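Chemist: Below is the file entry10.pdb, with PDB, N, CA, C and O atoms.
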MODEL        1
ATOM      1  N   MET A   1      21.345 -15.293  24.536
ATOM      2  CA  MET A   1      19.974 -15.457  24.142
ATOM      3  C   MET A   1      19.191 -14.155  24.338
ATOM      4  O   MET A   1      18.353 -13.799  23.527
ATOM      5  N   LYS A   2      19.486 -13.477  25.422
ATOM      6  CA  LYS A   2      18.802 -12.215  25.702
ATOM      7  C   LYS A   2      19.143 -11.167  24.642
ATOM      8  O   LYS A   2      18.295 -10.377  24.233
ATOM      9  N   PHE A   3      20.381 -11.185  24.176
ATOM     10  CA  PHE A   3      20.828 -10.246  23.149
ATOM     11  C   PHE A   3      20.069 -10.483  21.843
ATOM     12  O   PHE A   3      19.621  -9.534  21.189
ATOM     13  N   ILE A   4      19.906 -11.750  21.471
ATOM     14  CA  ILE A   4      19.204 -12.083  20.229
ATOM     15  C   ILE A   4      17.741 -11.656  20.321
ATOM     16  O   ILE A   4      17.185 -11.094  19.372
ATOM     17  N   SER A   5      17.123 -11.886  21.463
ATOM     18  CA  SER A   5      15.729 -11.466  21.642
ATOM     19  C   SER A   5      15.592  -9.953  21.556
ATOM     20  O   SER A   5      14.666  -9.439  20.934
ATOM     21  N   SER A   6      16.529  -9.247  22.149
ATOM     22  CA  SER A   6      16.500  -7.786  22.085
ATOM     23  C   SER A   6      16.703  -7.293  20.662
ATOM     24  O   SER A   6      16.024  -6.368  20.214
ATOM     25  N   LEU A   7      17.616  -7.910  19.946
ATOM     26  CA  LEU A   7      17.894  -7.528  18.566
ATOM     27  C   LEU A   7      16.678  -7.792  17.675
ATOM     28  O   LEU A   7      16.321  -6.954  16.845
ATOM     29  N   MET A   8      16.033  -8.918  17.864
ATOM     30  CA  MET A   8      14.832  -9.230  17.083
ATOM     31  C   MET A   8      13.714  -8.239  17.391
ATOM     32  O   MET A   8      12.992  -7.822  16.484
ATOM     33  N   PHE A   9      13.577  -7.834  18.631
ATOM     34  CA  PHE A   9      12.565  -6.855  19.013
ATOM     35  C   PHE A   9      12.816  -5.518  18.325
ATOM     36  O   PHE A   9      11.891  -4.885  17.815
ATOM     37  N   VAL A  10      14.072  -5.099  18.268
ATOM     38  CA  VAL A  10      14.417  -3.830  17.615
ATOM     39  C   VAL A  10      14.078  -3.883  16.135
ATOM     40  O   VAL A  10      13.503  -2.947  15.583
ATOM     41  N   PHE A  11      14.405  -4.983  15.464
ATOM     42  CA  PHE A  11      14.087  -5.120  14.046
ATOM     43  C   PHE A  11      12.581  -5.158  13.825
ATOM     44  O   PHE A  11      12.072  -4.564  12.877
ATOM     45  N   LEU A  12      11.859  -5.814  14.705
ATOM     46  CA  LEU A  12      10.407  -5.874  14.587
ATOM     47  C   LEU A  12       9.789  -4.485  14.695
ATOM     48  O   LEU A  12       8.937  -4.103  13.891
ATOM     49  N   ILE A  13      10.225  -3.713  15.637
ATOM     50  CA  ILE A  13       9.723  -2.344  15.808
ATOM     51  C   ILE A  13      10.095  -1.490  14.601
ATOM     52  O   ILE A  13       9.289  -0.698  14.102
ATOM     53  N   ALA A  14      11.301  -1.656  14.097
ATOM     54  CA  ALA A  14      11.757  -0.849  12.960
ATOM     55  C   ALA A  14      10.905  -1.104  11.720
ATOM     56  O   ALA A  14      10.567  -0.176  10.992
ATOM     57  N   PHE A  15      10.555  -2.357  11.471
ATOM     58  CA  PHE A  15       9.807  -2.669  10.260
ATOM     59  C   PHE A  15       8.317  -2.405  10.385
ATOM     60  O   PHE A  15       7.660  -2.071   9.418
ATOM     61  N   THR A  16       7.751  -2.532  11.565
ATOM     62  CA  THR A  16       6.323  -2.278  11.700
ATOM     63  C   THR A  16       6.014  -0.794  11.765
ATOM     64  O   THR A  16       4.926  -0.374  11.406
ATOM     65  N   SER A  17       6.954   0.006  12.190
ATOM     66  CA  SER A  17       6.697   1.439  12.288
ATOM     67  C   SER A  17       6.837   2.142  10.948
ATOM     68  O   SER A  17       6.512   3.305  10.831
ATOM     69  N   CYS A  18       7.294   1.444   9.925
ATOM     70  CA  CYS A  18       7.498   2.052   8.615
ATOM     71  C   CYS A  18       6.263   1.975   7.726
ATOM     72  O   CYS A  18       6.315   2.393   6.583
ATOM     73  N   LYS A  19       5.177   1.428   8.232
ATOM     74  CA  LYS A  19       3.979   1.310   7.408
ATOM     75  C   LYS A  19       3.364   2.675   7.161
ATOM     76  O   LYS A  19       3.342   3.524   8.029
ATOM     77  N   LYS A  20       2.868   2.846   5.945
ATOM     78  CA  LYS A  20       2.167   4.065   5.565
ATOM     79  C   LYS A  20       0.784   3.692   5.085
ATOM     80  O   LYS A  20       0.539   2.567   4.675
ATOM     81  N   ASP A  21      -0.112   4.643   5.111
ATOM     82  CA  ASP A  21      -1.465   4.426   4.613
ATOM     83  C   ASP A  21      -1.563   4.935   3.179
ATOM     84  O   ASP A  21      -1.148   6.059   2.871
ATOM     85  N   TYR A  22      -2.101   4.087   2.322
ATOM     86  CA  TYR A  22      -2.283   4.413   0.909
ATOM     87  C   TYR A  22      -3.727   4.154   0.522
ATOM     88  O   TYR A  22      -4.474   3.515   1.251
ATOM     89  N   GLN A  23      -4.106   4.644  -0.637
ATOM     90  CA  GLN A  23      -5.389   4.288  -1.230
ATOM     91  C   GLN A  23      -5.217   4.191  -2.735
ATOM     92  O   GLN A  23      -4.382   4.865  -3.335
ATOM     93  N   CYS A  24      -6.010   3.306  -3.312
ATOM     94  CA  CYS A  24      -5.967   3.097  -4.751
ATOM     95  C   CYS A  24      -6.864   4.142  -5.411
ATOM     96  O   CYS A  24      -8.035   4.292  -5.057
ATOM     97  N   VAL A  25      -6.319   4.864  -6.354
ATOM     98  CA  VAL A  25      -7.058   5.916  -7.049
ATOM     99  C   VAL A  25      -7.157   5.532  -8.531
ATOM    100  O   VAL A  25      -6.150   5.236  -9.168
ATOM    101  N   CYS A  26      -8.382   5.503  -9.036
ATOM    102  CA  CYS A  26      -8.627   5.133 -10.442
ATOM    103  C   CYS A  26      -9.504   6.194 -11.103
ATOM    104  O   CYS A  26     -10.255   6.903 -10.435
ATOM    105  N   THR A  27      -9.437   6.254 -12.415
ATOM    106  CA  THR A  27     -10.274   7.146 -13.209
ATOM    107  C   THR A  27     -11.312   6.310 -13.940
ATOM    108  O   THR A  27     -10.980   5.301 -14.555
ATOM    109  N   ASN A  28     -12.567   6.729 -13.874
ATOM    110  CA  ASN A  28     -13.628   6.052 -14.603
ATOM    111  C   ASN A  28     -13.439   6.358 -16.082
ATOM    112  O   ASN A  28     -13.391   7.526 -16.482
ATOM    113  N   SER A  29     -13.343   5.321 -16.903
ATOM    114  CA  SER A  29     -13.019   5.531 -18.313
ATOM    115  C   SER A  29     -14.163   6.160 -19.105
ATOM    116  O   SER A  29     -13.928   6.749 -20.159
ATOM    117  N   THR A  30     -15.392   6.081 -18.639
ATOM    118  CA  THR A  30     -16.501   6.672 -19.400
ATOM    119  C   THR A  30     -16.817   8.088 -18.941
ATOM    120  O   THR A  30     -17.105   8.953 -19.769
ATOM    121  N   THR A  31     -16.776   8.335 -17.631
ATOM    122  CA  THR A  31     -17.146   9.667 -17.138
ATOM    123  C   THR A  31     -15.946  10.558 -16.842
ATOM    124  O   THR A  31     -16.087  11.770 -16.767
ATOM    125  N   GLY A  32     -14.779   9.947 -16.642
ATOM    126  CA  GLY A  32     -13.589  10.734 -16.314
ATOM    127  C   GLY A  32     -13.489  11.110 -14.845
ATOM    128  O   GLY A  32     -12.556  11.785 -14.430
ATOM    129  N   SER A  33     -14.459  10.681 -14.026
ATOM    130  CA  SER A  33     -14.407  11.016 -12.601
ATOM    131  C   SER A  33     -13.387  10.122 -11.888
ATOM    132  O   SER A  33     -13.132   8.991 -12.288
ATOM    133  N   VAL A  34     -12.812  10.663 -10.831
ATOM    134  CA  VAL A  34     -11.792   9.953 -10.063
ATOM    135  C   VAL A  34     -12.460   9.270  -8.878
ATOM    136  O   VAL A  34     -13.268   9.877  -8.176
ATOM    137  N   SER A  35     -12.128   8.008  -8.684
ATOM    138  CA  SER A  35     -12.652   7.282  -7.521
ATOM    139  C   SER A  35     -11.494   6.873  -6.629
ATOM    140  O   SER A  35     -10.438   6.471  -7.112
ATOM    141  N   ARG A  36     -11.692   7.012  -5.332
ATOM    142  CA  ARG A  36     -10.669   6.669  -4.350
ATOM    143  C   ARG A  36     -11.127   5.434  -3.593
ATOM    144  O   ARG A  36     -12.255   5.369  -3.123
ATOM    145  N   GLY A  37     -10.231   4.469  -3.480
ATOM    146  CA  GLY A  37     -10.547   3.217  -2.796
ATOM    147  C   GLY A  37     -10.363   3.319  -1.294
ATOM    148  O   GLY A  37     -10.142   4.390  -0.735
ATOM    149  N   ASP A  38     -10.452   2.170  -0.650
ATOM    150  CA  ASP A  38     -10.298   2.082   0.792
ATOM    151  C   ASP A  38      -8.850   2.305   1.208
ATOM    152  O   ASP A  38      -7.927   2.148   0.414
ATOM    153  N   LYS A  39      -8.671   2.625   2.483
ATOM    154  CA  LYS A  39      -7.339   2.816   3.046
ATOM    155  C   LYS A  39      -6.646   1.465   3.166
ATOM    156  O   LYS A  39      -7.235   0.490   3.598
ATOM    157  N   MET A  40      -5.377   1.407   2.740
ATOM    158  CA  MET A  40      -4.560   0.212   2.849
ATOM    159  C   MET A  40      -3.244   0.595   3.502
ATOM    160  O   MET A  40      -2.668   1.624   3.156
ATOM    161  N   SER A  41      -2.789  -0.212   4.419
ATOM    162  CA  SER A  41      -1.491   0.019   5.045
ATOM    163  C   SER A  41      -0.468  -0.876   4.381
ATOM    164  O   SER A  41      -0.726  -2.057   4.142
ATOM    165  N   ALA A  42       0.680  -0.316   4.067
ATOM    166  CA  ALA A  42       1.740  -1.094   3.435
ATOM    167  C   ALA A  42       3.086  -0.614   3.952
ATOM    168  O   ALA A  42       3.295   0.574   4.157
ATOM    169  N   GLY A  43       3.961  -1.558   4.150
ATOM    170  CA  GLY A  43       5.320  -1.261   4.576
ATOM    171  C   GLY A  43       6.254  -1.314   3.386
ATOM    172  O   GLY A  43       5.827  -1.510   2.242
ATOM    173  N   PRO A  44       7.541  -1.167   3.629
ATOM    174  CA  PRO A  44       8.494  -1.161   2.522
ATOM    175  C   PRO A  44       8.530  -2.476   1.747
ATOM    176  O   PRO A  44       8.833  -2.487   0.560
ATOM    177  N   PHE A  45       8.201  -3.587   2.406
ATOM    178  CA  PHE A  45       8.247  -4.877   1.725
ATOM    179  C   PHE A  45       6.932  -5.239   1.056
ATOM    180  O   PHE A  45       6.899  -6.077   0.171
ATOM    181  N   THR A  46       5.844  -4.625   1.454
ATOM    182  CA  THR A  46       4.534  -4.978   0.900
ATOM    183  C   THR A  46       3.971  -3.917  -0.040
ATOM    184  O   THR A  46       2.928  -4.136  -0.641
ATOM    185  N   LYS A  47       4.651  -2.805  -0.206
ATOM    186  CA  LYS A  47       4.126  -1.744  -1.068
ATOM    187  C   LYS A  47       4.051  -2.193  -2.524
ATOM    188  O   LYS A  47       3.096  -1.872  -3.228
ATOM    189  N   ALA A  48       5.036  -2.952  -2.983
ATOM    190  CA  ALA A  48       5.030  -3.406  -4.380
ATOM    191  C   ALA A  48       3.814  -4.302  -4.651
ATOM    192  O   ALA A  48       3.165  -4.177  -5.691
ATOM    193  N   ALA A  49       3.496  -5.191  -3.720
ATOM    194  CA  ALA A  49       2.332  -6.063  -3.893
ATOM    195  C   ALA A  49       1.037  -5.259  -3.849
ATOM    196  O   ALA A  49       0.102  -5.529  -4.611
ATOM    197  N   THR A  50       0.985  -4.263  -2.983
ATOM    198  CA  THR A  50      -0.197  -3.413  -2.891
ATOM    199  C   THR A  50      -0.369  -2.611  -4.174
ATOM    200  O   THR A  50      -1.485  -2.455  -4.683
ATOM    201  N   GLN A  51       0.719  -2.118  -4.729
ATOM    202  CA  GLN A  51       0.682  -1.373  -5.991
ATOM    203  C   GLN A  51       0.174  -2.265  -7.126
ATOM    204  O   GLN A  51      -0.670  -1.847  -7.915
ATOM    205  N   THR A  52       0.667  -3.497  -7.179
ATOM    206  CA  THR A  52       0.236  -4.432  -8.222
ATOM    207  C   THR A  52      -1.255  -4.737  -8.100
ATOM    208  O   THR A  52      -1.972  -4.776  -9.100
ATOM    209  N   THR A  53      -1.729  -4.939  -6.887
ATOM    210  CA  THR A  53      -3.151  -5.193  -6.665
ATOM    211  C   THR A  53      -3.988  -4.020  -7.145
ATOM    212  O   THR A  53      -5.030  -4.205  -7.787
ATOM    213  N   CYS A  54      -3.544  -2.813  -6.857
ATOM    214  CA  CYS A  54      -4.263  -1.624  -7.295
ATOM    215  C   CYS A  54      -4.283  -1.532  -8.825
ATOM    216  O   CYS A  54      -5.329  -1.276  -9.425
ATOM    217  N   GLU A  55      -3.136  -1.758  -9.448
ATOM    218  CA  GLU A  55      -3.060  -1.667 -10.907
ATOM    219  C   GLU A  55      -3.918  -2.731 -11.594
ATOM    220  O   GLU A  55      -4.398  -2.518 -12.703
ATOM    221  N   ASN A  56      -4.135  -3.868 -10.938
ATOM    222  CA  ASN A  56      -4.969  -4.923 -11.513
ATOM    223  C   ASN A  56      -6.434  -4.517 -11.614
ATOM    224  O   ASN A  56      -7.206  -5.166 -12.315
ATOM    225  N   ASN A  57      -6.837  -3.460 -10.935
ATOM    226  CA  ASN A  57      -8.216  -2.976 -11.053
ATOM    227  C   ASN A  57      -8.536  -2.568 -12.484
ATOM    228  O   ASN A  57      -9.695  -2.632 -12.900
ATOM    229  N   ASP A  58      -7.516  -2.138 -13.245
ATOM    230  CA  ASP A  58      -7.726  -1.791 -14.655
ATOM    231  C   ASP A  58      -8.298  -2.990 -15.414
ATOM    232  O   ASP A  58      -9.238  -2.855 -16.192
ATOM    233  N   GLU A  59      -7.721  -4.155 -15.180
ATOM    234  CA  GLU A  59      -8.131  -5.352 -15.909
ATOM    235  C   GLU A  59      -9.408  -5.964 -15.342
ATOM    236  O   GLU A  59     -10.229  -6.494 -16.075
ATOM    237  N   LEU A  60      -9.587  -5.892 -14.032
ATOM    238  CA  LEU A  60     -10.746  -6.521 -13.397
ATOM    239  C   LEU A  60     -12.041  -5.766 -13.646
ATOM    240  O   LEU A  60     -13.115  -6.330 -13.527
ATOM    241  N   SER A  61     -11.960  -4.515 -13.999
ATOM    242  CA  SER A  61     -13.173  -3.714 -14.188
ATOM    243  C   SER A  61     -13.713  -3.794 -15.610
ATOM    244  O   SER A  61     -14.644  -3.069 -15.945
ATOM    245  N   ALA A  62     -13.136  -4.634 -16.446
ATOM    246  CA  ALA A  62     -13.562  -4.795 -17.845
ATOM    247  C   ALA A  62     -13.528  -3.466 -18.595
ATOM    248  O   ALA A  62     -14.418  -3.140 -19.360
ATOM    249  N   GLY A  63     -12.495  -2.674 -18.349
ATOM    250  CA  GLY A  63     -12.340  -1.408 -19.052
ATOM    251  C   GLY A  63     -13.048  -0.243 -18.405
ATOM    252  O   GLY A  63     -13.000   0.868 -18.917
ATOM    253  N   GLY A  64     -13.728  -0.462 -17.297
ATOM    254  CA  GLY A  64     -14.457   0.610 -16.623
ATOM    255  C   GLY A  64     -13.550   1.568 -15.870
ATOM    256  O   GLY A  64     -13.907   2.717 -15.643
ATOM    257  N   LEU A  65     -12.377   1.099 -15.484
ATOM    258  CA  LEU A  65     -11.421   1.937 -14.760
ATOM    259  C   LEU A  65     -10.112   1.983 -15.523
ATOM    260  O   LEU A  65      -9.742   1.034 -16.208
ATOM    261  N   LYS A  66      -9.406   3.098 -15.386
ATOM    262  CA  LYS A  66      -8.093   3.213 -16.022
ATOM    263  C   LYS A  66      -7.169   4.010 -15.103
ATOM    264  O   LYS A  66      -7.615   4.678 -14.173
ATOM    265  N   ASP A  67      -5.904   3.940 -15.370
ATOM    266  CA  ASP A  67      -4.870   4.690 -14.650
ATOM    267  C   ASP A  67      -4.932   4.489 -13.134
ATOM    268  O   ASP A  67      -4.801   5.442 -12.372
ATOM    269  N   CYS A  68      -5.113   3.251 -12.680
ATOM    270  CA  CYS A  68      -5.156   2.968 -11.242
ATOM    271  C   CYS A  68      -3.735   3.008 -10.673
ATOM    272  O   CYS A  68      -2.815   2.434 -11.250
ATOM    273  N   HIS A  69      -3.582   3.711  -9.559
ATOM    274  CA  HIS A  69      -2.273   3.850  -8.920
ATOM    275  C   HIS A  69      -2.461   4.142  -7.437
ATOM    276  O   HIS A  69      -3.548   4.527  -7.004
ATOM    277  N   LEU A  70      -1.408   3.960  -6.669
ATOM    278  CA  LEU A  70      -1.455   4.245  -5.230
ATOM    279  C   LEU A  70      -1.123   5.697  -4.975
ATOM    280  O   LEU A  70      -0.263   6.272  -5.623
ATOM    281  N   GLU A  71      -1.817   6.272  -4.013
ATOM    282  CA  GLU A  71      -1.512   7.611  -3.520
ATOM    283  C   GLU A  71      -1.528   7.567  -2.002
ATOM    284  O   GLU A  71      -2.130   6.680  -1.398
ATOM    285  N   ASP A  72      -0.883   8.538  -1.379
ATOM    286  CA  ASP A  72      -0.956   8.635   0.074
ATOM    287  C   ASP A  72      -2.403   8.851   0.482
ATOM    288  O   ASP A  72      -3.154   9.556  -0.183
ATOM    289  N   TYR A  73      -2.797   8.225   1.576
ATOM    290  CA  TYR A  73      -4.181   8.309   2.040
ATOM    291  C   TYR A  73      -4.524   9.740   2.462
ATOM    292  O   TYR A  73      -3.759  10.396   3.155
ATOM    293  N   GLN A  74      -5.674  10.211   2.028
ATOM    294  CA  GLN A  74      -6.116  11.568   2.353
ATOM    295  C   GLN A  74      -7.383  11.524   3.153
ATOM    296  O   GLN A  74      -8.283  10.839   2.904
TER
ENDMDL
END
Translate this file's structure into structure tokens.
Modeler:
Amino acid sequence: MKFISSLMFVFLIAFTSCKKDYQCVCTNSTTGSVSRGDKMSAGPFTKAATQTTCENNDELSAGGLKDCHLEDYQ
């Protein structure tokens, strides 16, 4: 039992330490200016969902934003 607990702890540390900070970057379709969103943390398993959420800003802005994508947080 102690071995399983230790093994689970190691996996937990391995997956939580892999998180990176990203931000959603979009271009305003009328002015061409670049806007940077809030900082988001994502790990290897949640980055795809975070990317999809960022890309959905294109549709949610009624054409006001385009080319939304994730970049490393600056």
Chemist: Just to confirm, what's the straight-line distance from atom CA of Ser33 of chain A to atom CA of Lys19 of chain A in Å (one decimal)?
Modeler: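 Interatomic distance, atom CA of Ser33 of chain A to atom CA of Lys19 of chain A: 28.9 Å.
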Chemist: Which residue out of A:Leu60, A:Ala48, A:Cys54, A:Leu65 has the minimum interatomic distance to Cys24 of chain A when only C-alpha atoms are used?
Modeler: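 The closest residue to Cys24 of chain A is A:Cys54.
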Chemist: For the helix (DSSP H, G or I) assignment from backbone DSSP, which residues of chain A qualify? Please present them as a PDB file with N, CA, C and O atoms, keeping the file's coordinate frame.
Modeler:
ATOM      1  N   LYS A   2      19.486 -13.477  25.422  1.00  0.00           N
ATOM      2  CA  LYS A   2      18.802 -12.215  25.702  1.00  0.00           C
ATOM      3  C   LYS A   2      19.143 -11.167  24.642  1.00  0.00           C
ATOM      4  O   LYS A   2      18.295 -10.377  24.233  1.00  0.00           O
ATOM      5  N   PHE A   3      20.381 -11.185  24.176  1.00  0.00           N
ATOM      6  CA  PHE A   3      20.828 -10.246  23.149  1.00  0.00           C
ATOM      7  C   PHE A   3      20.069 -10.483  21.843  1.00  0.00           C
ATOM      8  O   PHE A   3      19.621  -9.534  21.189  1.00  0.00           O
ATOM      9  N   ILE A   4      19.906 -11.750  21.471  1.00  0.00           N
ATOM     10  CA  ILE A   4      19.204 -12.083  20.229  1.00  0.00           C
ATOM     11  C   ILE A   4      17.741 -11.656  20.321  1.00  0.00           C
ATOM     12  O   ILE A   4      17.185 -11.094  19.372  1.00  0.00           O
ATOM     13  N   SER A   5      17.123 -11.886  21.463  1.00  0.00           N
ATOM     14  CA  SER A   5      15.729 -11.466  21.642  1.00  0.00           C
ATOM     15  C   SER A   5      15.592  -9.953  21.556  1.00  0.00           C
ATOM     16  O   SER A   5      14.666  -9.439  20.934  1.00  0.00           O
ATOM     17  N   SER A   6      16.529  -9.247  22.149  1.00  0.00           N
ATOM     18  CA  SER A   6      16.500  -7.786  22.085  1.00  0.00           C
ATOM     19  C   SER A   6      16.703  -7.293  20.662  1.00  0.00           C
ATOM     20  O   SER A   6      16.024  -6.368  20.214  1.00  0.00           O
ATOM     21  N   LEU A   7      17.616  -7.910  19.946  1.00  0.00           N
ATOM     22  CA  LEU A   7      17.894  -7.528  18.566  1.00  0.00           C
ATOM     23  C   LEU A   7      16.678  -7.792  17.675  1.00  0.00           C
ATOM     24  O   LEU A   7      16.321  -6.954  16.845  1.00  0.00           O
ATOM     25  N   MET A   8      16.033  -8.918  17.864  1.00  0.00           N
ATOM     26  CA  MET A   8      14.832  -9.230  17.083  1.00  0.00           C
ATOM     27  C   MET A   8      13.714  -8.239  17.391  1.00  0.00           C
ATOM     28  O   MET A   8      12.992  -7.822  16.484  1.00  0.00           O
ATOM     29  N   PHE A   9      13.577  -7.834  18.631  1.00  0.00           N
ATOM     30  CA  PHE A   9      12.565  -6.855  19.013  1.00  0.00           C
ATOM     31  C   PHE A   9      12.816  -5.518  18.325  1.00  0.00           C
ATOM     32  O   PHE A   9      11.891  -4.885  17.815  1.00  0.00           O
ATOM     33  N   VAL A  10      14.072  -5.099  18.268  1.00  0.00           N
ATOM     34  CA  VAL A  10      14.417  -3.830  17.615  1.00  0.00           C
ATOM     35  C   VAL A  10      14.078  -3.883  16.135  1.00  0.00           C
ATOM     36  O   VAL A  10      13.503  -2.947  15.583  1.00  0.00           O
ATOM     37  N   PHE A  11      14.405  -4.983  15.464  1.00  0.00           N
ATOM     38  CA  PHE A  11      14.087  -5.120  14.046  1.00  0.00           C
ATOM     39  C   PHE A  11      12.581  -5.158  13.825  1.00  0.00           C
ATOM     40  O   PHE A  11      12.072  -4.564  12.877  1.00  0.00           O
ATOM     41  N   LEU A  12      11.859  -5.814  14.705  1.00  0.00           N
ATOM     42  CA  LEU A  12      10.407  -5.874  14.587  1.00  0.00           C
ATOM     43  C   LEU A  12       9.789  -4.485  14.695  1.00  0.00           C
ATOM     44  O   LEU A  12       8.937  -4.103  13.891  1.00  0.00           O
ATOM     45  N   ILE A  13      10.225  -3.713  15.637  1.00  0.00           N
ATOM     46  CA  ILE A  13       9.723  -2.344  15.808  1.00  0.00           C
ATOM     47  C   ILE A  13      10.095  -1.490  14.601  1.00  0.00           C
ATOM     48  O   ILE A  13       9.289  -0.698  14.102  1.00  0.00           O
ATOM     49  N   ALA A  14      11.301  -1.656  14.097  1.00  0.00           N
ATOM     50  CA  ALA A  14      11.757  -0.849  12.960  1.00  0.00           C
ATOM     51  C   ALA A  14      10.905  -1.104  11.720  1.00  0.00           C
ATOM     52  O   ALA A  14      10.567  -0.176  10.992  1.00  0.00           O
ATOM     53  N   PHE A  15      10.555  -2.357  11.471  1.00  0.00           N
ATOM     54  CA  PHE A  15       9.807  -2.669  10.260  1.00  0.00           C
ATOM     55  C   PHE A  15       8.317  -2.405  10.385  1.00  0.00           C
ATOM     56  O   PHE A  15       7.660  -2.071   9.418  1.00  0.00           O
ATOM     57  N   THR A  16       7.751  -2.532  11.565  1.00  0.00           N
ATOM     58  CA  THR A  16       6.323  -2.278  11.700  1.00  0.00           C
ATOM     59  C   THR A  16       6.014  -0.794  11.765  1.00  0.00           C
ATOM     60  O   THR A  16       4.926  -0.374  11.406  1.00  0.00           O
ATOM     61  N   LYS A  47       4.651  -2.805  -0.206  1.00  0.00           N
ATOM     62  CA  LYS A  47       4.126  -1.744  -1.068  1.00  0.00           C
ATOM     63  C   LYS A  47       4.051  -2.193  -2.524  1.00  0.00           C
ATOM     64  O   LYS A  47       3.096  -1.872  -3.228  1.00  0.00           O
ATOM     65  N   ALA A  48       5.036  -2.952  -2.983  1.00  0.00           N
ATOM     66  CA  ALA A  48       5.030  -3.406  -4.380  1.00  0.00           C
ATOM     67  C   ALA A  48       3.814  -4.302  -4.651  1.00  0.00           C
ATOM     68  O   ALA A  48       3.165  -4.177  -5.691  1.00  0.00           O
ATOM     69  N   ALA A  49       3.496  -5.191  -3.720  1.00  0.00           N
ATOM     70  CA  ALA A  49       2.332  -6.063  -3.893  1.00  0.00           C
ATOM     71  C   ALA A  49       1.037  -5.259  -3.849  1.00  0.00           C
ATOM     72  O   ALA A  49       0.102  -5.529  -4.611  1.00  0.00           O
ATOM     73  N   THR A  50       0.985  -4.263  -2.983  1.00  0.00           N
ATOM     74  CA  THR A  50      -0.197  -3.413  -2.891  1.00  0.00           C
ATOM     75  C   THR A  50      -0.369  -2.611  -4.174  1.00  0.00           C
ATOM     76  O   THR A  50      -1.485  -2.455  -4.683  1.00  0.00           O
ATOM     77  N   GLN A  51       0.719  -2.118  -4.729  1.00  0.00           N
ATOM     78  CA  GLN A  51       0.682  -1.373  -5.991  1.00  0.00           C
ATOM     79  C   GLN A  51       0.174  -2.265  -7.126  1.00  0.00           C
ATOM     80  O   GLN A  51      -0.670  -1.847  -7.915  1.00  0.00           O
ATOM     81  N   THR A  52       0.667  -3.497  -7.179  1.00  0.00           N
ATOM     82  CA  THR A  52       0.236  -4.432  -8.222  1.00  0.00           C
ATOM     83  C   THR A  52      -1.255  -4.737  -8.100  1.00  0.00           C
ATOM     84  O   THR A  52      -1.972  -4.776  -9.100  1.00  0.00           O
ATOM     85  N   THR A  53      -1.729  -4.939  -6.887  1.00  0.00           N
ATOM     86  CA  THR A  53      -3.151  -5.193  -6.665  1.00  0.00           C
ATOM     87  C   THR A  53      -3.988  -4.020  -7.145  1.00  0.00           C
ATOM     88  O   THR A  53      -5.030  -4.205  -7.787  1.00  0.00           O
ATOM     89  N   CYS A  54      -3.544  -2.813  -6.857  1.00  0.00           N
ATOM     90  CA  CYS A  54      -4.263  -1.624  -7.295  1.00  0.00           C
ATOM     91  C   CYS A  54      -4.283  -1.532  -8.825  1.00  0.00           C
ATOM     92  O   CYS A  54      -5.329  -1.276  -9.425  1.00  0.00           O
ATOM     93  N   GLU A  55      -3.136  -1.758  -9.448  1.00  0.00           N
ATOM     94  CA  GLU A  55      -3.060  -1.667 -10.907  1.00  0.00           C
ATOM     95  C   GLU A  55      -3.918  -2.731 -11.594  1.00  0.00           C
ATOM     96  O   GLU A  55      -4.398  -2.518 -12.703  1.00  0.00           O
ATOM     97  N   ASN A  57      -6.837  -3.460 -10.935  1.00  0.00           N
ATOM     98  CA  ASN A  57      -8.216  -2.976 -11.053  1.00  0.00           C
ATOM     99  C   ASN A  57      -8.536  -2.568 -12.484  1.00  0.00           C
ATOM    100  O   ASN A  57      -9.695  -2.632 -12.900  1.00  0.00           O
ATOM    101  N   ASP A  58      -7.516  -2.138 -13.245  1.00  0.00           N
ATOM    102  CA  ASP A  58      -7.726  -1.791 -14.655  1.00  0.00           C
ATOM    103  C   ASP A  58      -8.298  -2.990 -15.414  1.00  0.00           C
ATOM    104  O   ASP A  58      -9.238  -2.855 -16.192  1.00  0.00           O
ATOM    105  N   GLU A  59      -7.721  -4.155 -15.180  1.00  0.00           N
ATOM    106  CA  GLU A  59      -8.131  -5.352 -15.909  1.00  0.00           C
ATOM    107  C   GLU A  59      -9.408  -5.964 -15.342  1.00  0.00           C
ATOM    108  O   GLU A  59     -10.229  -6.494 -16.075  1.00  0.00           O
ATOM    109  N   LEU A  60      -9.587  -5.892 -14.032  1.00  0.00           N
ATOM    110  CA  LEU A  60     -10.746  -6.521 -13.397  1.00  0.00           C
ATOM    111  C   LEU A  60     -12.041  -5.766 -13.646  1.00  0.00           C
ATOM    112  O   LEU A  60     -13.115  -6.330 -13.527  1.00  0.00           O
TER     113      LEU A  60
END
Chemist: Between A:Ser29, A:Thr46, A:Gln23, A:Ser41, single out the one closest to Glu71 of chain A, counting all atoms listed in the file.
Modeler: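 When distances to Glu71 of chain A are compared using all atoms listed in the file, the smallest one comes from A:Gln23.
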Chemist: So which residues of chain A fall under strand (DSSP E) by DSSP, listed as a ChimeraX atom specification?
Modeler: /A:20-28,34-42,65-72
Chemist: So how far away is atom CA of Ser61 of chain A from atom O of Cys18 of chain A, in Å?
Modeler: 29.1 Å
Chemist: By how many Å are atom O of Tyr22 of chain A and atom N of Met8 of chain A apart?
Modeler: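 The value is 29.2 Å.
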Chemist: So, counting only C-alpha atoms, which residue among A:Ser35, A:Ala42, A:Gln51, A:Asp21 is closest to Tyr73 of chain A?
Modeler: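 The answer is A:Asp21, which sits nearest to Tyr73 of chain A.
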Chemist: Using only N, CA, C and O atoms, which residue out of A:Lys47, A:Lys39, A:Lys66, A:Lys2 lies closest to Thr27 of chain A?
Modeler: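 That would be A:Lys66, the residue with the smallest distance to Thr27 of chain A.
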Chemist: Find the smallest box with edges along x, y and z containing every listed atom of segment 53-71 of chain A, then add 3 Å on each side and report centre and edge lengths in Å to one decimal, as lines of an AutoDock Vina configuration file.
Modeler:
center_x = -7.5
center_y = 0.5
center_z = -10.4
size_x = 20.4
size_y = 20.1
size_z = 24.0
